[in-house]
$ cat model.cif   # mmCIF, C-alpha atoms and all ligand atoms
data_run
loop_
_atom_site.group_PDB
_atom_site.id
_atom_site.type_symbol
_atom_site.label_atom_id
_atom_site.label_comp_id
_atom_site.auth_asym_id
_atom_site.auth_seq_id
_atom_site.Cartn_x
_atom_site.Cartn_y
_atom_site.Cartn_z
ATOM 1 C CA MET U 1 -20.133 13.535 19.027
ATOM 2 C CA ASN U 2 -23.535 13.494 17.338
ATOM 3 C CA ASP U 3 -23.742 10.023 15.903
ATOM 4 C CA PRO U 4 -24.443 7.326 18.489
ATOM 5 C CA ALA U 5 -23.259 4.632 16.081
ATOM 6 C CA LYS U 6 -19.958 6.220 15.315
ATOM 7 C CA SER U 7 -17.687 5.451 18.246
ATOM 8 C CA ALA U 8 -17.653 3.662 21.533
ATOM 9 C CA SER U 9 -16.534 5.909 24.393
ATOM 10 C CA PRO U 10 -14.095 7.168 25.469
ATOM 11 C CA GLN U 11 -13.906 9.889 22.860
ATOM 12 C CA THR U 12 -11.070 12.263 22.167
ATOM 13 C CA VAL U 13 -11.106 16.028 22.796
ATOM 14 C CA LEU U 14 -8.461 18.676 22.065
ATOM 15 C CA VAL U 15 -8.403 21.312 24.824
ATOM 16 C CA THR U 16 -6.486 24.535 24.110
ATOM 17 C CA GLY U 17 -5.329 26.855 26.872
ATOM 18 C CA ALA U 18 -5.340 23.745 29.033
ATOM 19 C CA ALA U 19 -2.456 24.656 31.344
ATOM 20 C CA MET U 20 -4.544 26.831 33.657
ATOM 21 C CA GLY U 21 -7.770 28.709 34.155
ATOM 22 C CA ILE U 22 -10.877 27.811 32.164
ATOM 23 C CA GLY U 23 -9.050 25.386 29.858
ATOM 24 C CA ARG U 24 -7.788 23.453 32.847
ATOM 25 C CA GLY U 25 -11.316 23.460 34.314
ATOM 26 C CA VAL U 26 -12.655 22.001 31.067
ATOM 27 C CA ALA U 27 -9.891 19.374 31.095
ATOM 28 C CA GLU U 28 -10.761 18.400 34.691
ATOM 29 C CA VAL U 29 -14.428 17.863 33.806
ATOM 30 C CA LEU U 30 -13.633 15.894 30.631
ATOM 31 C CA THR U 31 -11.074 13.751 32.481
ATOM 32 C CA ALA U 32 -13.756 12.848 35.030
ATOM 33 C CA GLU U 33 -15.968 11.823 32.076
ATOM 34 C CA GLY U 34 -13.232 9.439 30.873
ATOM 35 C CA LYS U 35 -12.345 11.293 27.673
ATOM 36 C CA ASN U 36 -8.988 10.969 25.907
ATOM 37 C CA LEU U 37 -7.458 14.443 25.983
ATOM 38 C CA VAL U 38 -4.890 16.342 23.961
ATOM 39 C CA LEU U 39 -3.819 19.327 26.058
ATOM 40 C CA PHE U 40 -2.412 22.297 24.100
ATOM 41 C CA ASP U 41 -0.811 25.422 25.563
ATOM 42 C CA LEU U 42 2.051 27.876 25.158
ATOM 43 C CA ASN U 43 3.244 27.478 28.752
ATOM 44 C CA ALA U 44 5.190 24.188 28.811
ATOM 45 C CA GLU U 45 5.861 24.077 32.540
ATOM 46 C CA ALA U 46 2.282 24.774 33.610
ATOM 47 C CA LEU U 47 0.926 22.430 30.928
ATOM 48 C CA ASN U 48 3.079 19.514 32.096
ATOM 49 C CA ALA U 49 2.063 20.175 35.707
ATOM 50 C CA THR U 50 -1.618 20.136 34.711
ATOM 51 C CA ALA U 51 -1.182 16.938 32.694
ATOM 52 C CA GLN U 52 0.427 15.270 35.722
ATOM 53 C CA ALA U 53 -2.324 16.516 38.050
ATOM 54 C CA LEU U 54 -4.913 15.016 35.675
ATOM 55 C CA GLY U 55 -3.335 11.573 35.929
ATOM 56 C CA GLY U 56 -0.617 11.677 33.253
ATOM 57 C CA LYS U 57 -2.696 9.990 30.509
ATOM 58 C CA ALA U 58 -3.324 13.041 28.318
ATOM 59 C CA ALA U 59 -1.189 13.860 25.297
ATOM 60 C CA VAL U 60 0.570 17.213 25.600
ATOM 61 C CA VAL U 61 1.385 19.750 22.880
ATOM 62 C CA VAL U 62 3.393 22.889 23.560
ATOM 63 C CA GLY U 63 2.712 25.558 20.954
ATOM 64 C CA SER U 64 0.752 28.642 20.000
ATOM 65 C CA VAL U 65 -2.792 28.723 18.649
ATOM 66 C CA ALA U 66 -1.625 31.725 16.604
ATOM 67 C CA ASN U 67 0.594 29.337 14.603
ATOM 68 C CA LEU U 68 -1.301 27.092 12.175
ATOM 69 C CA ALA U 69 1.501 24.491 12.079
ATOM 70 C CA ASP U 70 1.297 24.116 15.886
ATOM 71 C CA CYS U 71 -2.481 23.600 15.657
ATOM 72 C CA GLU U 72 -1.994 20.970 12.947
ATOM 73 C CA ARG U 73 0.597 19.245 15.137
ATOM 74 C CA ALA U 74 -1.936 19.039 17.987
ATOM 75 C CA VAL U 75 -4.555 17.447 15.715
ATOM 76 C CA GLN U 76 -1.986 15.059 14.271
ATOM 77 C CA LEU U 77 -1.105 13.926 17.796
ATOM 78 C CA ALA U 78 -4.779 13.218 18.509
ATOM 79 C CA VAL U 79 -4.890 11.013 15.412
ATOM 80 C CA GLU U 80 -1.630 9.206 16.233
ATOM 81 C CA ARG U 81 -2.358 8.637 19.928
ATOM 82 C CA PHE U 82 -6.117 8.156 19.946
ATOM 83 C CA GLY U 83 -7.126 7.448 16.324
ATOM 84 C CA GLY U 84 -8.986 10.709 15.658
ATOM 85 C CA LEU U 85 -10.745 13.680 17.168
ATOM 86 C CA ASP U 86 -14.359 14.018 18.332
ATOM 87 C CA GLY U 87 -14.345 17.406 19.995
ATOM 88 C CA VAL U 88 -12.448 20.654 20.539
ATOM 89 C CA SER U 89 -12.691 23.048 23.469
ATOM 90 C CA HIS U 90 -10.830 26.209 22.507
ATOM 91 C CA ASN U 91 -9.861 28.369 25.493
ATOM 92 C CA ALA U 92 -6.415 29.803 24.730
ATOM 93 C CA GLY U 93 -6.592 33.571 24.746
ATOM 94 C CA ILE U 94 -5.153 36.783 26.156
ATOM 95 C CA GLN U 95 -6.661 39.823 27.866
ATOM 96 C CA THR U 96 -5.331 43.224 26.766
ATOM 97 C CA TYR U 97 -6.281 46.809 27.590
ATOM 98 C CA GLY U 98 -6.388 50.105 25.740
ATOM 99 C CA ASP U 99 -8.711 52.408 23.781
ATOM 100 C CA ALA U 100 -8.275 53.232 20.099
ATOM 101 C CA VAL U 101 -5.693 55.920 20.836
ATOM 102 C CA SER U 102 -3.604 54.061 23.409
ATOM 103 C CA THR U 103 -3.666 50.628 21.722
ATOM 104 C CA THR U 104 -0.508 50.237 19.647
ATOM 105 C CA PRO U 105 -0.707 48.461 16.275
ATOM 106 C CA GLU U 106 1.478 45.734 17.833
ATOM 107 C CA LEU U 107 -0.910 45.164 20.749
ATOM 108 C CA TRP U 108 -3.899 45.212 18.377
ATOM 109 C CA ALA U 109 -2.248 42.606 16.134
ATOM 110 C CA LYS U 110 -1.184 40.397 19.054
ATOM 111 C CA THR U 111 -4.689 40.425 20.547
ATOM 112 C CA LEU U 112 -6.445 39.672 17.271
ATOM 113 C CA ASP U 113 -3.807 37.107 16.207
ATOM 114 C CA THR U 114 -4.143 35.168 19.448
ATOM 115 C CA ASN U 115 -7.854 35.414 20.172
ATOM 116 C CA LEU U 116 -9.473 35.563 16.742
ATOM 117 C CA THR U 117 -6.985 34.211 14.200
ATOM 118 C CA GLY U 118 -6.011 31.554 16.768
ATOM 119 C CA SER U 119 -9.661 30.453 16.899
ATOM 120 C CA PHE U 120 -9.728 30.210 13.105
ATOM 121 C CA TYR U 121 -6.455 28.229 13.031
ATOM 122 C CA VAL U 122 -7.593 25.741 15.691
ATOM 123 C CA ALA U 123 -10.819 25.161 13.773
ATOM 124 C CA LYS U 124 -9.065 25.015 10.393
ATOM 125 C CA ALA U 125 -6.693 22.347 11.674
ATOM 126 C CA ALA U 126 -9.353 20.315 13.500
ATOM 127 C CA LEU U 127 -12.314 20.394 11.120
ATOM 128 C CA PRO U 128 -11.135 17.679 8.701
ATOM 129 C CA GLU U 129 -10.981 15.222 11.633
ATOM 130 C CA LEU U 130 -14.184 16.594 13.229
ATOM 131 C CA ARG U 131 -16.010 16.123 9.921
ATOM 132 C CA ARG U 132 -14.787 12.514 9.783
ATOM 133 C CA ARG U 133 -16.179 11.814 13.274
ATOM 134 C CA LYS U 134 -19.145 14.239 13.087
ATOM 135 C CA GLY U 135 -17.820 16.008 16.147
ATOM 136 C CA ALA U 136 -18.291 19.389 17.806
ATOM 137 C CA ILE U 137 -16.191 22.459 18.559
ATOM 138 C CA VAL U 138 -16.868 24.858 21.426
ATOM 139 C CA PHE U 139 -15.177 28.271 21.545
ATOM 140 C CA THR U 140 -14.720 30.069 24.844
ATOM 141 C CA THR U 141 -15.693 33.621 23.913
ATOM 142 C CA SER U 142 -16.784 36.123 26.601
ATOM 143 C CA VAL U 143 -19.625 38.356 27.716
ATOM 144 C CA GLN U 144 -17.291 40.920 26.121
ATOM 145 C CA GLY U 145 -18.320 39.424 22.786
ATOM 146 C CA MET U 146 -21.849 40.707 23.511
ATOM 147 C CA ALA U 147 -21.208 43.896 25.502
ATOM 148 C CA ALA U 148 -18.092 45.889 26.388
ATOM 149 C CA GLN U 149 -16.003 47.118 29.280
ATOM 150 C CA LYS U 150 -14.305 50.445 28.784
ATOM 151 C CA GLY U 151 -10.660 50.430 27.738
ATOM 152 C CA ALA U 152 -10.428 46.895 26.322
ATOM 153 C CA LEU U 153 -11.086 47.624 22.649
ATOM 154 C CA ALA U 154 -8.900 45.011 20.933
ATOM 155 C CA TYR U 155 -10.093 42.304 23.355
ATOM 156 C CA VAL U 156 -13.743 43.282 22.869
ATOM 157 C CA VAL U 157 -13.356 43.222 19.081
ATOM 158 C CA SER U 158 -11.621 39.835 19.217
ATOM 159 C CA LYS U 159 -14.431 38.367 21.334
ATOM 160 C CA HIS U 160 -17.204 39.839 19.147
ATOM 161 C CA GLY U 161 -15.329 38.309 16.204
ATOM 162 C CA MET U 162 -15.254 34.913 17.878
ATOM 163 C CA ILE U 163 -19.047 34.928 18.228
ATOM 164 C CA GLY U 164 -19.262 35.726 14.506
ATOM 165 C CA LEU U 165 -16.962 32.783 13.894
ATOM 166 C CA VAL U 166 -19.331 30.508 15.835
ATOM 167 C CA THR U 167 -22.356 31.678 13.845
ATOM 168 C CA GLY U 168 -20.739 31.557 10.417
ATOM 169 C CA MET U 169 -18.822 28.337 10.932
ATOM 170 C CA ALA U 170 -21.941 26.600 12.240
ATOM 171 C CA MET U 171 -23.679 27.333 8.923
ATOM 172 C CA ASP U 172 -20.778 25.886 6.937
ATOM 173 C CA GLU U 173 -20.288 22.815 9.106
ATOM 174 C CA ALA U 174 -23.919 21.735 9.604
ATOM 175 C CA ALA U 175 -23.924 19.889 6.293
ATOM 176 C CA HIS U 176 -20.779 18.040 7.445
ATOM 177 C CA GLY U 177 -22.405 16.953 10.715
ATOM 178 C CA VAL U 178 -20.157 19.162 12.875
ATOM 179 C CA ARG U 179 -21.772 21.336 15.560
ATOM 180 C CA VAL U 180 -20.144 24.716 16.319
ATOM 181 C CA LEU U 181 -20.917 26.443 19.615
ATOM 182 C CA GLY U 182 -19.639 29.066 22.030
ATOM 183 C CA VAL U 183 -19.710 29.769 25.734
ATOM 184 C CA ALA U 184 -19.586 33.375 26.940
ATOM 185 C CA PRO U 185 -18.329 33.389 30.525
ATOM 186 C CA GLY U 186 -18.758 36.213 32.991
ATOM 187 C CA SER U 187 -15.873 36.690 35.428
ATOM 188 C CA VAL U 188 -14.187 33.401 36.302
ATOM 189 C CA GLU U 189 -11.508 32.936 38.967
ATOM 190 C CA THR U 190 -8.408 32.271 36.857
ATOM 191 C CA PRO U 191 -4.844 33.619 36.577
ATOM 192 C CA MET U 192 -6.119 35.961 33.816
ATOM 193 C CA LEU U 193 -8.787 37.472 36.079
ATOM 194 C CA ARG U 194 -6.285 37.770 38.941
ATOM 195 C CA TRP U 195 -3.857 39.603 36.625
ATOM 196 C CA ALA U 196 -6.631 41.921 35.410
ATOM 197 C CA ILE U 197 -7.716 42.750 38.958
ATOM 198 C CA ASN U 198 -4.121 43.557 39.870
ATOM 199 C CA GLN U 199 -3.987 46.211 37.119
ATOM 200 C CA ASP U 200 -6.334 48.277 39.347
ATOM 201 C CA PRO U 201 -4.851 50.599 42.005
ATOM 202 C CA ASN U 202 -7.372 49.141 44.500
ATOM 203 C CA PRO U 203 -7.573 45.404 43.742
ATOM 204 C CA ALA U 204 -9.543 44.567 46.914
ATOM 205 C CA ALA U 205 -12.360 46.951 45.964
ATOM 206 C CA LEU U 206 -12.434 45.624 42.392
ATOM 207 C CA ASP U 207 -12.564 42.058 43.729
ATOM 208 C CA GLU U 208 -15.772 42.958 45.616
ATOM 209 C CA GLU U 209 -17.221 44.819 42.640
ATOM 210 C CA ILE U 210 -16.635 41.818 40.391
ATOM 211 C CA ASP U 211 -18.558 39.473 42.676
ATOM 212 C CA ALA U 212 -21.397 42.004 43.079
ATOM 213 C CA MET U 213 -21.839 42.583 39.329
ATOM 214 C CA HIS U 214 -23.072 39.005 38.917
ATOM 215 C CA PRO U 215 -26.705 38.648 40.138
ATOM 216 C CA ILE U 216 -25.738 35.239 41.555
ATOM 217 C CA GLY U 217 -23.431 37.228 43.874
ATOM 218 C CA ARG U 218 -20.066 35.756 42.981
ATOM 219 C CA ARG U 219 -17.670 35.066 40.120
ATOM 220 C CA GLY U 220 -17.597 31.625 38.483
ATOM 221 C CA GLN U 221 -15.135 28.780 38.866
ATOM 222 C CA PRO U 222 -13.384 27.175 35.857
ATOM 223 C CA THR U 223 -15.186 23.832 36.225
ATOM 224 C CA GLU U 224 -18.549 25.660 36.071
ATOM 225 C CA ILE U 225 -17.598 26.654 32.531
ATOM 226 C CA GLY U 226 -16.186 23.161 31.957
ATOM 227 C CA GLU U 227 -19.518 21.510 32.783
ATOM 228 C CA VAL U 228 -21.319 23.597 30.143
ATOM 229 C CA VAL U 229 -18.599 22.927 27.562
ATOM 230 C CA ALA U 230 -18.827 19.184 28.302
ATOM 231 C CA PHE U 231 -22.603 19.329 27.795
ATOM 232 C CA LEU U 232 -22.282 21.246 24.510
ATOM 233 C CA LEU U 233 -19.707 18.737 23.221
ATOM 234 C CA SER U 234 -21.925 15.793 24.155
ATOM 235 C CA ASP U 235 -24.791 14.106 22.333
ATOM 236 C CA LYS U 236 -27.126 15.699 24.898
ATOM 237 C CA ALA U 237 -26.707 18.923 22.899
ATOM 238 C CA SER U 238 -27.276 17.192 19.541
ATOM 239 C CA PHE U 239 -29.854 19.785 18.356
ATOM 240 C CA MET U 240 -27.648 22.805 19.197
ATOM 241 C CA THR U 241 -25.365 24.625 16.786
ATOM 242 C CA GLY U 242 -24.568 28.259 15.966
ATOM 243 C CA GLU U 243 -25.339 29.360 19.531
ATOM 244 C CA THR U 244 -23.129 31.111 22.080
ATOM 245 C CA VAL U 245 -24.385 30.362 25.581
ATOM 246 C CA ARG U 246 -23.885 32.915 28.362
ATOM 247 C CA VAL U 247 -22.436 31.334 31.519
ATOM 248 C CA ASP U 248 -22.276 34.544 33.502
ATOM 249 C CA GLY U 249 -24.224 34.230 36.758
ATOM 250 C CA GLY U 250 -26.936 36.388 35.148
ATOM 251 C CA MET U 251 -24.628 39.366 34.500
ATOM 252 C CA LEU U 252 -25.912 40.374 31.086
ATOM 253 C CA ALA U 253 -29.529 39.624 32.009
ATOM 254 C CA ARG U 254 -29.555 42.443 34.579
ATOM 255 C CA ILE U 255 -31.032 45.876 33.876
ATOM 256 C CA PRO U 256 -30.094 48.374 36.606
ATOM 257 C CA GLY U 257 -32.486 51.121 37.766
ATOM 258 C CA ALA U 258 -35.117 49.183 39.739
ATOM 259 C CA PRO U 259 -36.812 51.347 42.448
ATOM 260 C CA LYS U 260 -35.410 50.924 45.988
ATOM 261 C CA LYS U 261 -37.408 50.024 49.081
ATOM 262 C CA ALA U 262 -37.505 52.464 52.044
ATOM 263 C CA ASP U 263 -34.385 50.810 53.530
ATOM 264 C CA GLY U 264 -32.451 51.748 50.375
ATOM 265 C CA LYS U 265 -32.171 48.160 49.122
ATOM 266 C CA SER U 266 -33.503 46.995 45.776
ATOM 267 C CA THR U 267 -36.767 45.067 45.775
HETATM 268 N N1 LIG U 301 -11.359 34.501 33.375
HETATM 269 C C1 LIG U 301 -12.400 35.194 32.980
HETATM 270 O O1 LIG U 301 -13.033 35.940 33.772
HETATM 271 C C2 LIG U 301 -12.876 35.099 31.546
HETATM 272 C C3 LIG U 301 -14.126 35.635 31.240
HETATM 273 C C4 LIG U 301 -14.601 35.538 29.949
HETATM 274 C C5 LIG U 301 -13.846 34.918 28.966
HETATM 275 N N2 LIG U 301 -12.623 34.424 29.270
HETATM 276 C C6 LIG U 301 -11.884 33.779 28.187
HETATM 277 O O2 LIG U 301 -11.605 32.449 28.543
HETATM 278 C C7 LIG U 301 -10.385 32.021 27.932
HETATM 279 C C8 LIG U 301 -9.478 31.471 29.008
HETATM 280 O O3 LIG U 301 -9.252 32.502 29.954
HETATM 281 P P1 LIG U 301 -8.594 32.248 31.376
HETATM 282 O O4 LIG U 301 -9.169 33.239 32.287
HETATM 283 O O5 LIG U 301 -8.625 30.809 31.691
HETATM 284 O O6 LIG U 301 -7.086 32.713 31.026
HETATM 285 P P2 LIG U 301 -5.703 32.265 31.693
HETATM 286 O O7 LIG U 301 -4.720 33.320 31.302
HETATM 287 O O8 LIG U 301 -5.906 31.987 33.115
HETATM 288 O O9 LIG U 301 -5.368 30.932 30.883
HETATM 289 C C9 LIG U 301 -5.198 31.017 29.480
HETATM 290 C C10 LIG U 301 -4.278 29.910 29.003
HETATM 291 O O10 LIG U 301 -4.121 30.089 27.582
HETATM 292 C C11 LIG U 301 -2.739 29.945 27.275
HETATM 293 N N3 LIG U 301 -2.426 30.713 26.067
HETATM 294 C C12 LIG U 301 -2.378 32.056 25.924
HETATM 295 N N4 LIG U 301 -2.019 32.375 24.672
HETATM 296 C C13 LIG U 301 -1.831 31.197 24.014
HETATM 297 C C14 LIG U 301 -1.449 30.867 22.697
HETATM 298 N N5 LIG U 301 -1.173 31.797 21.782
HETATM 299 N N6 LIG U 301 -1.378 29.552 22.368
HETATM 300 C C15 LIG U 301 -1.639 28.597 23.270
HETATM 301 N N7 LIG U 301 -1.997 28.845 24.532
HETATM 302 C C16 LIG U 301 -2.081 30.139 24.907
HETATM 303 C C17 LIG U 301 -2.003 30.482 28.499
HETATM 304 O O11 LIG U 301 -0.665 29.991 28.559
HETATM 305 C C18 LIG U 301 -2.881 29.957 29.623
HETATM 306 O O12 LIG U 301 -2.502 28.681 30.042
HETATM 307 C C19 LIG U 301 -9.817 33.259 27.223
HETATM 308 O O13 LIG U 301 -10.161 33.205 25.865
HETATM 309 C C20 LIG U 301 -10.529 34.407 27.894
HETATM 310 O O14 LIG U 301 -10.640 35.506 27.039
HETATM 311 C C21 LIG U 301 -12.123 34.491 30.539
#
$ encode --input "model.cif" --output "structure tokens" --more "lines below"
Ligand SMILES: NC(=O)c1ccc[n+]([C@@H]2O[C@H](COP(=O)([O-])OP(=O)(O)OC[C@H]3O[C@@H](n4cnc5c(N)ncnc54)[C@H](O)[C@@H]3O)[C@@H](O)[C@H]2O)c1
Amino acid sequence: MNDPAKSASPQTVLVTGAAMGIGRGVAEVLTAEGKNLVLFDLNAEALNATAQALGGKAAVVVGSVANLADCERAVQLAVERFGGLDGVSHNAGIQTYGDAVSTTPELWAKTLDTNLTGSFYVAKAALPELRRRKGAIVFTTSVQGMAAQKGALAYVVSKHGMIGLVTGMAMDEAAHGVRVLGVAPGSVETPMLRWAINQDPNPAALDEEIDAMHPIGRRGQPTEIGEVVAFLLSDKASFMTGETVRVDGGMLARIPGAPKKADGKST
């Protein structure tokens, strides 16, 4: 999306994890911008419902990002339906829990295969077309790629790996005119977050804690991530590559321990 001469709008974007959550939020924002979309997800029923809700014009691919042939099929569909690919927003991912002792080799492999190898496969499949159009790819990583919650080791490793992928791939792709970027969301109201909260014996208390841990005072909404992804994919971000942008309501900018006032509240 860098070269103003290269294509008249609308441009074409592949959105993974598009059936729900952040991927759906990205798809909503890009639909409003008039983009051609290829929506890719494992969950056929939810994906078709999302495609209908977005107006029924998007191409739909049911498959797994952990399967290279499925990723290649999604890119091929973009070429057949829309003539090429200008951008990718990669959101498909899973949340898993466990420390080094409790995480089974199977859970470790599933988490890394989906979140990290899946990111590599999506990029590997899309980059030949992105190079042709001098496009951009934006990976949805996490604040857990920069810091860590307890008891989510495989997830944390997968997200740290994704930020490494952004940095390294950006160096390789710059000479090809492709920009490679990441967004690192804080907590966002999605089915994944709802599932995670429900793992806690006191979900209502955790719900409150999650809002309070963001200095802005609340969790994010999927379209708030989508707006940043849309910006990063656009020519407005033409001098950005190799960067992962926090979209976390200030969460990782906060240092606790400020002195309280007499009423017990922080200054
Ligand atoms: N929700 C949050 O608070 C939050 C915070 C930081 C980062 N993230 C990251 O954002 C991304 C999206 O999260 P979300 O909260 O929207 O999750 P979600 O579970 O609500 O939606 C994820 C979507 O990805 C799809 N998916 C899962 N595995 C897939 C696979 N192998 N192939 C294709 N599609 C697959 C699911 O079917 C689902 O539609 C994830 O990478 C997640 O780690 C989420």
$ residues_around --input "model.cif" --residues "U:Gly98" --least-positions-apart "2" --cutoff "10 Å" --atoms "all atoms listed in the file" --output "JSON, numbers by chain"
{"U": [96, 100, 101, 102, 103, 104, 107, 108, 150, 151, 152, 153, 154, 155]}
$ residues_near_ligand --input "model.cif" --ligand "ligand LIG 301 (chain U)" --cutoff "7 Å" --atoms "only C-alpha atoms and all ligand atoms" --output "ChimeraX atom specification"
/U:16-23,40-43,63-66,91-95,114-115,118,140-143,184-193
$ residues_around --input "model.cif" --residues "U:Leu14" --least-positions-apart "4" --cutoff "9 Å" --atoms "all atoms listed in the file" --output "CSV table (one decimal) with C-alpha atoms, in the coordinates of the input"
chain,number,residue,atom,x,y,z
U,36,ASN,CA,-9.0,11.0,25.9
U,37,LEU,CA,-7.5,14.4,26.0
U,38,VAL,CA,-4.9,16.3,24.0
U,39,LEU,CA,-3.8,19.3,26.1
U,40,PHE,CA,-2.4,22.3,24.1
U,74,ALA,CA,-1.9,19.0,18.0
U,75,VAL,CA,-4.6,17.4,15.7
U,78,ALA,CA,-4.8,13.2,18.5
U,85,LEU,CA,-10.7,13.7,17.2
U,86,ASP,CA,-14.4,14.0,18.3
U,87,GLY,CA,-14.3,17.4,20.0
U,88,VAL,CA,-12.4,20.7,20.5
U,89,SER,CA,-12.7,23.0,23.5
U,90,HIS,CA,-10.8,26.2,22.5
U,126,ALA,CA,-9.4,20.3,13.5
$ closest_atom_pairs --input "model.cif" --of "stretch 174-222 of chain U" --to "stretch 233-240 of chain U" --cutoff "9 Å" --atoms "all atoms listed in the file" --output "CSV"
residue,atom,partner,partner_atom,distance
U:Arg179,CA,U:Met240,CA,7.1
U:Val180,CA,U:Met240,CA,8.3
U:Leu181,CA,U:Met240,CA,7.7
$ write_last_selection --input "model.cif" --atoms "C-alpha atoms" --output "PDB file, keeping the file's coordinate frame"
ATOM      1  CA  ARG U 179     -21.772  21.336  15.560  1.00  0.00           C
ATOM      2  CA  VAL U 180     -20.144  24.716  16.319  1.00  0.00           C
ATOM      3  CA  LEU U 181     -20.917  26.443  19.615  1.00  0.00           C
TER       4      LEU U 181
END
$ closest_residue --input "model.cif" --among "U:Val13, U:Leu206, U:Ala212, U:Ala123" --to "U:Gly250" --atoms "all atoms listed in the file"
U:Ala212
$ residues_around --input "model.cif" --residues "U:Asp248" --least-positions-apart "5" --cutoff "12 Å" --atoms "all atoms listed in the file" --output "MDAnalysis selection string"
chainID U and resid 141:144 146 183:188 210:211 213:222 224:225 228 253:254
$ atom_distance --input "model.cif" --atom1 "atom CA of U:Val62" --atom2 "atom CA of U:Asn48"
9.2 Å
$ atom_distance --input "model.cif" --atom1 "atom CA of U:Ala51" --atom2 "atom CA of U:Thr31"
10.4 Å
$ atom_distance --input "model.cif" --atom1 "atom CA of U:Ala174" --atom2 "atom CA of U:Val79"
22.6 Å
$ residues_around --input "model.cif" --residues "U:Gly84" --least-positions-apart "2" --cutoff "9 Å" --atoms "only C-alpha atoms" --output "JSON, numbers by chain"
{"U": [11, 12, 75, 76, 77, 78, 79, 80, 81, 82, 86, 129, 130, 132, 133]}
$ residues_near_point --input "model.cif" --point "(-17.6, 17.3, 8.1)" --cutoff "6 Å" --atoms "only C-alpha atoms" --output "list in words"
Arg131, Arg132, His176, Gly177 and Val178 of chain U
$ resolve_selection --input "model.cif" --expression "the PyMOL selection byres (((chain U and resi 55) around 12) and not hetatm)" --output "list in words"
Ala27, Glu28, Thr31, Ala32, Gly34, Asn36, Leu37, Asn48, Ala49, Thr50, Ala51, Gln52, Ala53, Leu54, Gly56, Lys57, Ala58 and Ala59 of chain U
$ axis_aligned_box --input "model.cif" --around "stretch 245-262 of chain U" --padding-each-side "6 Å" --output "lines of an AutoDock Vina configuration file"
center_x = -29.9
center_y = 41.4
center_z = 38.8
size_x = 27.2
size_y = 34.1
size_z = 38.5
$ residues_around --input "model.cif" --residues "U:Val156" --least-positions-apart "5" --cutoff "8 Å" --atoms "all atoms listed in the file" --output "ChimeraX atom specification"
/U:144-145,147-149
$ resolve_selection --input "model.cif" --expression "the PyMOL selection byres (((chain U and resi 116) around 9) and not hetatm)" --output "NGL selection string"
:U and (66 or 93 or 111-115 or 117-121 or 157-159 or 161-162 or 165)
$ closest_residue --input "model.cif" --among "U:Ala196, U:Gly135, U:Glu208, U:Thr241" --to "U:Met171" --atoms "all atoms listed in the file"
U:Thr241
$ closest_residue --input "model.cif" --among "U:Gly164, U:Asp207, U:Glu243, U:Ala109" --to "U:Arg194" --atoms "only C-alpha atoms"
U:Asp207
$ closest_residue --input "model.cif" --among "U:Ile255, U:Leu30, U:Ala44, U:Ile197" --to "U:Leu232" --atoms "all atoms listed in the file"
U:Leu30
$ decode --input "model.cif" --residues "stretch 124-141 of chain U" --atoms "C-alpha atoms" --output "PDB file, in the first residue's frame"
ATOM      1  CA  LYS U 124       5.143 -17.012   3.604  1.00  0.00           C
ATOM      2  CA  ALA U 125       2.020 -17.493   1.508  1.00  0.00           C
ATOM      3  CA  ALA U 126       1.228 -13.781   1.142  1.00  0.00           C
ATOM      4  CA  LEU U 127       4.640 -12.199   0.600  1.00  0.00           C
ATOM      5  CA  PRO U 128       5.036 -13.028  -3.110  1.00  0.00           C
ATOM      6  CA  GLU U 129       1.798 -11.111  -3.820  1.00  0.00           C
ATOM      7  CA  LEU U 130       2.623  -8.357  -1.285  1.00  0.00           C
ATOM      8  CA  ARG U 131       6.008  -7.861  -2.956  1.00  0.00           C
ATOM      9  CA  ARG U 132       4.271  -7.532  -6.333  1.00  0.00           C
ATOM     10  CA  ARG U 133       1.971  -4.792  -4.986  1.00  0.00           C
ATOM     11  CA  LYS U 134       4.446  -3.309  -2.458  1.00  0.00           C
ATOM     12  CA  GLY U 135       1.952  -3.984   0.295  1.00  0.00           C
ATOM     13  CA  ALA U 136       2.027  -4.292   4.077  1.00  0.00           C
ATOM     14  CA  ILE U 137       1.411  -6.982   6.682  1.00  0.00           C
ATOM     15  CA  VAL U 138       0.298  -6.286  10.248  1.00  0.00           C
ATOM     16  CA  PHE U 139       0.509  -9.001  12.914  1.00  0.00           C
ATOM     17  CA  THR U 140      -1.725  -8.866  15.967  1.00  0.00           C
ATOM     18  CA  THR U 141       0.714  -9.779  18.732  1.00  0.00           C
TER      19      THR U 141
END
